[in-house]
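Worksheet: one structure, shown below.
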There are 2 protein chains.
Amino acid sequence: MTIGIGLLGLGTVGAGVAAILATPQGRHPLVADLELKRVAVRDLSRPRPVAIAEELLCTDPEAVVDDPAVEIVVEVMGGLEPARSLILRAIAAGKPVVTANKAVIARYGDEIAAAAKARGVYVLIEAAVGGGIPIIEPLKQSLGGNRIQRVSGIINGTTNYILSRMADEGADYGAVLADAQQLGYAEADPAADVQGGDAADKIAILAGLAYGGPVDRAGIATEGIDRLEARDVDYAARLGFVVKLLAVAEHVGQADDGAQQLDVRVHPTLLPKHHPLAGVHGVNNAILVEGDPVGQVMFFGPGAGAGPTASAVVADILNIAGIRQVGGPAAGLDPLLAASSWNRCRLVDGLDSHHRNYLRLLTRDEAGVIGQIGSCFGAAGVSIQSIVQYETDGPGAEIVVITHQVQEARFRGALAAITALDAVETVAACLRTL
Amino acid sequence: MTIGIGLLGLGTVGAGVAAILATPQGRHPLVADLELKRVAVRDLSRPRPVAIAEELLCTDPEAVVDDPAVEIVVEVMGGLEPARSLILRAIAAGKPVVTANKAVIARYGDEIAAAAKARGVYVLIEAAVGGGIPIIEPLKQSLGGNRIQRVSGIINGTTNYILSRMADEGADYGAVLADAQQLGYAEADPAADVQGGDAADKIAILAGLAYGGPVDRAGIATEGIDRLEARDVDYAARLGFVVKLLAVAEHVGQADDGAQQLDVRVHPTLLPKHHPLAGVHGVNNAILVEGDPVGQVMFFGPGAGAGPTASAVVADILNIAGIRQVGGPAAGLDPLLAASSWNRCRLVDGLDSHHRNYLRLLTRDEAGVIGQIGSCFGAAGVSIQSIVQYETDGPGAEIVVITHQVQEARFRGALAAITALDAVETVAACLRTL
């Protein structure tokens with residue numbers, strides 16, 4: 001039984017998908033049932049990395065969606081529009097959609113999910129987070145018996161590549177970024193990666209699945225790596241930590257009205273060297289899920305690239321093809337695969353959340369400074385794990401503090417008092433610490 | 001819509017499952033639809049770790065299977081019989097089965113799969129490998145677009161605990177095993193764990209899923225950690241390696257008759273320190289899947305324990321409950337979830353496979369020995385990465401060799417020549433190396 005596939009976009013991911021469909025031998029036998037019926041491209045005359053029969057190509061993506069031979073619409077064109085409209089058009093036509101487009105899902109996920117639910121079709125997004133790593137499906141189908149306490153991940157390969165090189169080489173952020181851009185690991189405009197927006201898009205998606213309800217993407221506190229200095233990576237290493245850009249979604253409670261209260265954030269984070277995520281290097285991604293009763297499970301792999309992303313797209317296509325054999329196109333939806341929402345989720349005020357902190361202060365080089373800083377923390381009830389003075393090239397001193405777990409508001413209070421000290425010149429860095 | 005669950009066994013895993021079903025709040029909403037209808041226990045009077053209504057308990061497992069209110073049979077009693085017969089009885093009654101019983105699946109998987117296929121019911125086994133780690137479902141449903149090149153894993157927690165402690169403490173195998181037994185990390189009869197049989201059971205299951213056809217369990221070359229010496233763990237560390245008990249299933253080719261040729265084996269292995277599996281410590285498990293085009297993806301987590309295993313069992317129950325909403329009990333099977341076989345798999349002769357090797361020789365302490373050993377390898381066409389002489393307490397010398405990748409038959413030939421040298425007293429250790 002053949003199933004007709006329509007492809008919107010034939011960039012690296014689209015070509016990767018087409019390559020899998022064209023060579024079913026040695027893959028799951030269902031792959032042989034998938035037949036590419038029509039492909040929308042921007043420019044018919046451009047050379048392709050994969051051989052596609054000329055007559056399948058067109059420049060009108062709506063024609064692909066509308067083609068009666070197309071039973072599953074695969075959106076791998078990227079960008080917000082026309083991707084969003086085409087996804088909605090496919091849903092309206094009762095066609096299931098597979099998309100790798102995290103930006104569309106993070107921004108229009110509610111609208112798309114509502115339309116999909118009303119029409120009774122699947123919209124699957126395994127490729128939107130973590131490239132080739134199976135994480136969406138395990139969250140939807142394998143961990144449903146758990147109360148998820150926390151989802152934390154390294155889900156942006158570009159920044160992890162930069163951070164890995166900063167740690168290995170002691171290099172500056174700017175130098176590594178420039179090199180990464182030349183090597184093709186970072187975009188010409190790296191803002192979405194290095195400022196944390198891409199990771200925030202993805203953690204919004206993971207949080208929505210883990211906690212069963214949409215998360216306010218705009219409310220996610222997001223801090224990138226673009227102001228991170230080499231010396232903080234160095235000091236972190238000396239203290240036994242690795243700096244990673246972490247995206248975290250944590251369950252902190254249930255509101256009186258029944259809403260799930262979540263702390264969702266993206267920020268550079270000091271991880272203890274033996275933390276499972278600390279060993280994730282280069283462009284790899286990893287997602288750690290903590291739940292009751294499963295404990296900690298981690299999913300690791302290539303976070304981007306044509307092959308891994310195509311693997312995830314084909315996984316979704318196969319799932320739709322497989323479940324179609326259960327009850328035919330007119331059957332009901334599997335609630336796990338469809339992953340409709342059942343909770344309301346609300347982001348908490350970050351000031352209420354609890355963290356450990358790494359703080360680097362530039363101070364005057366005089367006796368008693370450490371005592372004054374310690375007293376400010378003590379007065380605010382913030383307990384300290386370590387406070388170390390490092391030598392500097394200049395005239396002043398550099399003091400690095402690592403606190404124990406503390407409420408953010410309380411920490412901010414202590415920090416204000418410390419900043420007001422005569423001997424303290426600058427708060428040079430303030431980073432979250434696990 | 002309630003779905004009736006029958007539980008065969010109320011040990012730690014069964015109690016963990018019952019605890020999840022009894023507290024649906026905060027879990028996937030489908031959990032609330034699962035209702036425990038009947039539970040088979042060995043002894044009605046024994047105290048339970050979880051509160052179960054008296055009238056649900058009985059001592060006759062067949063009555064649980066036969067109970068019309070039981071729609072899904074969950075086998076968590078362990079052992080070969082009566083588990084196998086009860087699973088077949090449930091299948092014959094058209095009831096889907098969830099089991100955590102790797103021993104039954106590894107030995108009677110073919111029989112059970114054939115019966116399930118003929119009757120059109122699911123037999124799901126997520127808990128049989130890797131405890132709480134979602135690995136069965138990703139292999140079945142998320143990686144189907146790939147040609148799987150290799151599945152390798154640390155899938156026995158007891159041996160990984162022992163090896164981790166041997167590495168950390170420089171301790172002897174026997175001492176750590178005794179301590180592990182006292183702490184409850186190893187059984188009173190540890191044979192199945194330390195001799196590799198448990199890992200072989202599990203890799204047989206993973207290979208069958210990855211390559212789409214049953215694997216001859218009895219043909220899996222299996223070597224445990226019970227003869228591993230502390231000095232080899234130490235030398236490995238000095239050379240940049242970590243010793244792990246690895247279970248590996250590798251695709252090596254396709255026979256003329258179309259059968260998939262697999263190299264499946266279990267043995268202690270030297271892993272380079274930066275290998276993704278090298279950082280898996282204690283009772284944790286991890287499975288690394290390598291495929292085209294996904295690359296390397298790894299699944300990590302707690303390999304055993306009541307909570308993690310119960311999480312996996314409930315995942316399977318939820319999948320059956322979810323898919324039931326698609327087309328009702330009379331609908332067809334999802335071929336991905338059902339995971340029937342589509343390939344014939346054949347194990348290759350180990351002598352044809354290629355590996356790197358670690359070799360420790362006890363020799364006379366005289367000039368020219370390293371040269372003689374090097375010559376034997378050279379004559380057999382085995383190239384060497386390193387050859388190092390270590391000091392011993394006794395009169396002789398100890399020489400450690402690490403080879404490059406070499407065909408096993410060729411390596412064995414060189415080894416025979418080396419053993420025949422006058423200066424070589426014993427082959428003290430011979431370990432596979434990645």
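Here, A, B, ... name the chains of the structure tokens in the order displayed, residue numbers run from 1 inside each chain, and ligands are numbered from 1 in the same displayed order.
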
With the cut-off set at 6 Å and counting only C-alpha atoms, tabulate each residue of chain A with an atom at most that distance from an atom of chain B, showing the nearest atom pair and its distance in Å to one decimal, ordered by chain and increasing number, as JSON lines.
{"residue": "A:Gly26", "atom": "CA", "partner": "B:Arg147", "partner_atom": "CA", "distance": 5.5}
{"residue": "A:Arg27", "atom": "CA", "partner": "B:Arg147", "partner_atom": "CA", "distance": 5.1}
{"residue": "A:His28", "atom": "CA", "partner": "B:Gly144", "partner_atom": "CA", "distance": 5.0}
{"residue": "A:Gly132", "atom": "CA", "partner": "B:Val294", "partner_atom": "CA", "distance": 5.6}
{"residue": "A:Ser142", "atom": "CA", "partner": "B:Ala315", "partner_atom": "CA", "distance": 4.8}
{"residue": "A:Gly144", "atom": "CA", "partner": "B:His28", "partner_atom": "CA", "distance": 4.9}
{"residue": "A:Gly145", "atom": "CA", "partner": "B:Arg27", "partner_atom": "CA", "distance": 5.6}
{"residue": "A:Asn146", "atom": "CA", "partner": "B:Arg27", "partner_atom": "CA", "distance": 5.4}
{"residue": "A:Arg147", "atom": "CA", "partner": "B:Arg27", "partner_atom": "CA", "distance": 5.1}
{"residue": "A:Pro293", "atom": "CA", "partner": "B:Gly307", "partner_atom": "CA", "distance": 4.5}
{"residue": "A:Val294", "atom": "CA", "partner": "B:Pro308", "partner_atom": "CA", "distance": 4.0}
{"residue": "A:Gln296", "atom": "CA", "partner": "B:Gly301", "partner_atom": "CA", "distance": 5.8}
{"residue": "A:Val297", "atom": "CA", "partner": "B:Gly301", "partner_atom": "CA", "distance": 4.2}
{"residue": "A:Met298", "atom": "CA", "partner": "B:Phe300", "partner_atom": "CA", "distance": 4.9}
{"residue": "A:Phe299", "atom": "CA", "partner": "B:Phe299", "partner_atom": "CA", "distance": 4.9}
{"residue": "A:Phe300", "atom": "CA", "partner": "B:Met298", "partner_atom": "CA", "distance": 4.9}
{"residue": "A:Gly301", "atom": "CA", "partner": "B:Val297", "partner_atom": "CA", "distance": 4.2}
{"residue": "A:Gly307", "atom": "CA", "partner": "B:Pro293", "partner_atom": "CA", "distance": 4.6}
{"residue": "A:Pro308", "atom": "CA", "partner": "B:Val294", "partner_atom": "CA", "distance": 4.0}
{"residue": "A:Ser311", "atom": "CA", "partner": "B:Val294", "partner_atom": "CA", "distance": 5.6}
{"residue": "A:Val314", "atom": "CA", "partner": "B:Gly145", "partner_atom": "CA", "distance": 5.7}
{"residue": "A:Ala315", "atom": "CA", "partner": "B:Ser142", "partner_atom": "CA", "distance": 4.8}
{"residue": "A:Gly322", "atom": "CA", "partner": "B:Asp334", "partner_atom": "CA", "distance": 5.0}
{"residue": "A:Ile323", "atom": "CA", "partner": "B:Asp334", "partner_atom": "CA", "distance": 5.2}
{"residue": "A:Gln325", "atom": "CA", "partner": "B:Asp334", "partner_atom": "CA", "distance": 5.9}
{"residue": "A:Val326", "atom": "CA", "partner": "B:Gly332", "partner_atom": "CA", "distance": 4.2}
{"residue": "A:Gly327", "atom": "CA", "partner": "B:Gly327", "partner_atom": "CA", "distance": 4.7}
{"residue": "A:Ala331", "atom": "CA", "partner": "B:Val326", "partner_atom": "CA", "distance": 5.5}
{"residue": "A:Gly332", "atom": "CA", "partner": "B:Val326", "partner_atom": "CA", "distance": 4.2}
{"residue": "A:Leu333", "atom": "CA", "partner": "B:Val326", "partner_atom": "CA", "distance": 5.1}
{"residue": "A:Asp334", "atom": "CA", "partner": "B:Gly322", "partner_atom": "CA", "distance": 5.0}
{"residue": "A:Pro335", "atom": "CA", "partner": "B:Gly322", "partner_atom": "CA", "distance": 5.7}
{"residue": "A:Leu336", "atom": "CA", "partner": "B:Gly322", "partner_atom": "CA", "distance": 6.0}

Now that the selection is made, can you save its residues with C-alpha atoms as a PDB file, in the first residue's frame?
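Written file, again_35.pdb:
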ATOM      1  CA  GLY A  26      18.112  -2.003   4.474  1.00  0.00           C
ATOM      2  CA  ARG A  27      15.676   0.351   6.247  1.00  0.00           C
ATOM      3  CA  HIS A  28      12.316  -0.476   7.842  1.00  0.00           C
ATOM      4  CA  GLY A 132      18.357  13.154  14.882  1.00  0.00           C
ATOM      5  CA  SER A 142       7.588   6.464  26.557  1.00  0.00           C
ATOM      6  CA  GLY A 144       3.834   9.206  30.053  1.00  0.00           C
ATOM      7  CA  GLY A 145       3.715   7.250  33.299  1.00  0.00           C
ATOM      8  CA  ASN A 146       5.989   9.786  34.964  1.00  0.00           C
ATOM      9  CA  ARG A 147       5.583  13.055  36.738  1.00  0.00           C
ATOM     10  CA  PRO A 293       9.550   7.190  39.076  1.00  0.00           C
ATOM     11  CA  VAL A 294      11.992   6.876  36.157  1.00  0.00           C
ATOM     12  CA  GLN A 296      17.249  10.520  35.130  1.00  0.00           C
ATOM     13  CA  VAL A 297      17.225   9.484  31.492  1.00  0.00           C
ATOM     14  CA  MET A 298      19.317  11.202  28.857  1.00  0.00           C
ATOM     15  CA  PHE A 299      19.083  11.342  25.072  1.00  0.00           C
ATOM     16  CA  PHE A 300      22.257  12.219  23.185  1.00  0.00           C
ATOM     17  CA  GLY A 301      23.204  12.697  19.557  1.00  0.00           C
ATOM     18  CA  GLY A 307      21.215  13.232   7.744  1.00  0.00           C
ATOM     19  CA  PRO A 308      20.163  13.327  11.398  1.00  0.00           C
ATOM     20  CA  SER A 311      16.163  10.611  10.025  1.00  0.00           C
ATOM     21  CA  VAL A 314      11.251  10.046   8.218  1.00  0.00           C
ATOM     22  CA  ALA A 315      10.536   8.700  11.727  1.00  0.00           C
ATOM     23  CA  GLY A 322       2.197   2.810  10.569  1.00  0.00           C
ATOM     24  CA  ILE A 323      -0.790   4.052  12.487  1.00  0.00           C
ATOM     25  CA  GLN A 325      -2.692   0.622   9.044  1.00  0.00           C
ATOM     26  CA  VAL A 326      -4.519   0.385  12.335  1.00  0.00           C
ATOM     27  CA  GLY A 327      -7.751   1.941  11.306  1.00  0.00           C
ATOM     28  CA  ALA A 331      -9.909   6.370  12.210  1.00  0.00           C
ATOM     29  CA  GLY A 332      -9.479   8.192  15.515  1.00  0.00           C
ATOM     30  CA  LEU A 333      -6.224   9.721  16.722  1.00  0.00           C
ATOM     31  CA  ASP A 334      -3.777   8.049  19.053  1.00  0.00           C
ATOM     32  CA  PRO A 335      -3.776  10.546  21.943  1.00  0.00           C
ATOM     33  CA  LEU A 336      -0.093   9.869  22.693  1.00  0.00           C
TER      34      LEU A 336
END

Give me every strand (DSSP E) residue in stretch 40-116 of chain A, going by DSSP on the backbone, as a ChimeraX atom specification. /A:40,57-58,72-75,97-99

Quick one: write out the picked residues with C-alpha atoms as a PDB file, in the first residue's frame?
ATOM      1  CA  ALA A  40       8.047  22.307  -4.066  1.00  0.00           C
ATOM      2  CA  LEU A  57       9.257  19.367  -9.082  1.00  0.00           C
ATOM      3  CA  CYS A  58       7.202  22.545  -9.017  1.00  0.00           C
ATOM      4  CA  ILE A  72       1.311  13.373   4.027  1.00  0.00           C
ATOM      5  CA  VAL A  73       2.723  16.906   3.773  1.00  0.00           C
ATOM      6  CA  VAL A  74       6.364  17.307   4.840  1.00  0.00           C
ATOM      7  CA  GLU A  75       7.354  20.918   5.535  1.00  0.00           C
ATOM      8  CA  VAL A  97       1.861  17.174   8.518  1.00  0.00           C
ATOM      9  CA  VAL A  98       5.479  16.476   9.406  1.00  0.00           C
ATOM     10  CA  THR A  99       7.606  19.535  10.049  1.00  0.00           C
TER      11      THR A  99
END

When you draw a straight line from atom CA of B:Val264 to atom CA of B:Gly413, how long is it in Å?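 So the answer is 22.1 Å.
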
If you count only C-alpha atoms, which residues fall within 7 Å of A:Val121, apart from same-chain ones fewer than 3 positions away, as an mmCIF file with N, CA and C atoms, in the first residue's frame?
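See out_20.cif below for the written result:
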data_model
loop_
_atom_site.group_PDB
_atom_site.id
_atom_site.type_symbol
_atom_site.label_atom_id
_atom_site.label_comp_id
_atom_site.auth_asym_id
_atom_site.auth_seq_id
_atom_site.Cartn_x
_atom_site.Cartn_y
_atom_site.Cartn_z
ATOM 1 N N ILE A 91 -3.583 20.898 7.007
ATOM 2 C CA ILE A 91 -4.490 20.442 8.065
ATOM 3 C C ILE A 91 -5.939 20.590 7.606
ATOM 4 N N GLY A 94 -7.229 17.974 5.692
ATOM 5 C CA GLY A 94 -7.263 16.677 6.372
ATOM 6 C C GLY A 94 -6.001 15.859 6.176
ATOM 7 N N LYS A 95 -4.899 16.535 5.811
ATOM 8 C CA LYS A 95 -3.657 15.794 5.577
ATOM 9 C C LYS A 95 -2.708 15.947 6.765
ATOM 10 N N PRO A 96 -2.176 14.843 7.264
ATOM 11 C CA PRO A 96 -1.203 14.952 8.351
ATOM 12 C C PRO A 96 0.054 15.661 7.874
ATOM 13 N N ALA A 116 -5.242 21.240 14.086
ATOM 14 C CA ALA A 116 -5.026 19.803 13.890
ATOM 15 C C ALA A 116 -6.033 19.000 14.709
ATOM 16 N N LYS A 117 -6.297 19.465 15.930
ATOM 17 C CA LYS A 117 -7.243 18.754 16.793
ATOM 18 C C LYS A 117 -8.657 18.808 16.194
#

Grab the atom CA of A:Ala236 to atom CA of A:Gly381 distance for me, in Å with one decimal place.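 Computed distance, atom CA of A:Ala236 to atom CA of A:Gly381, equals 24.1 Å.
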
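Closest to A:Gly224 among A:Val242, A:Ala200, A:Val76, A:Ala175 is A:Ala200, based on only C-alpha atoms.
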
Run DSSP on the backbone and give me the residues of stretch 251-413 of chain B it puts in alpha helix (DSSP H), as a count of residues only. 43

Residues at most 7 Å from B:Leu434, counting only C-alpha atoms, excluding those fewer than 5 positions away in the same chain, as a count of residues only? 4

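Our summary of the geometry notes that atom CA of B:Gly153 is positioned 8.1 Å from atom CA of B:Ile203.
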
Point out the residue among B:His404, B:Arg119, B:Lys244, B:Arg48 with the least atom-to-atom distance to B:Leu163, counting only C-alpha atoms. B:Lys244
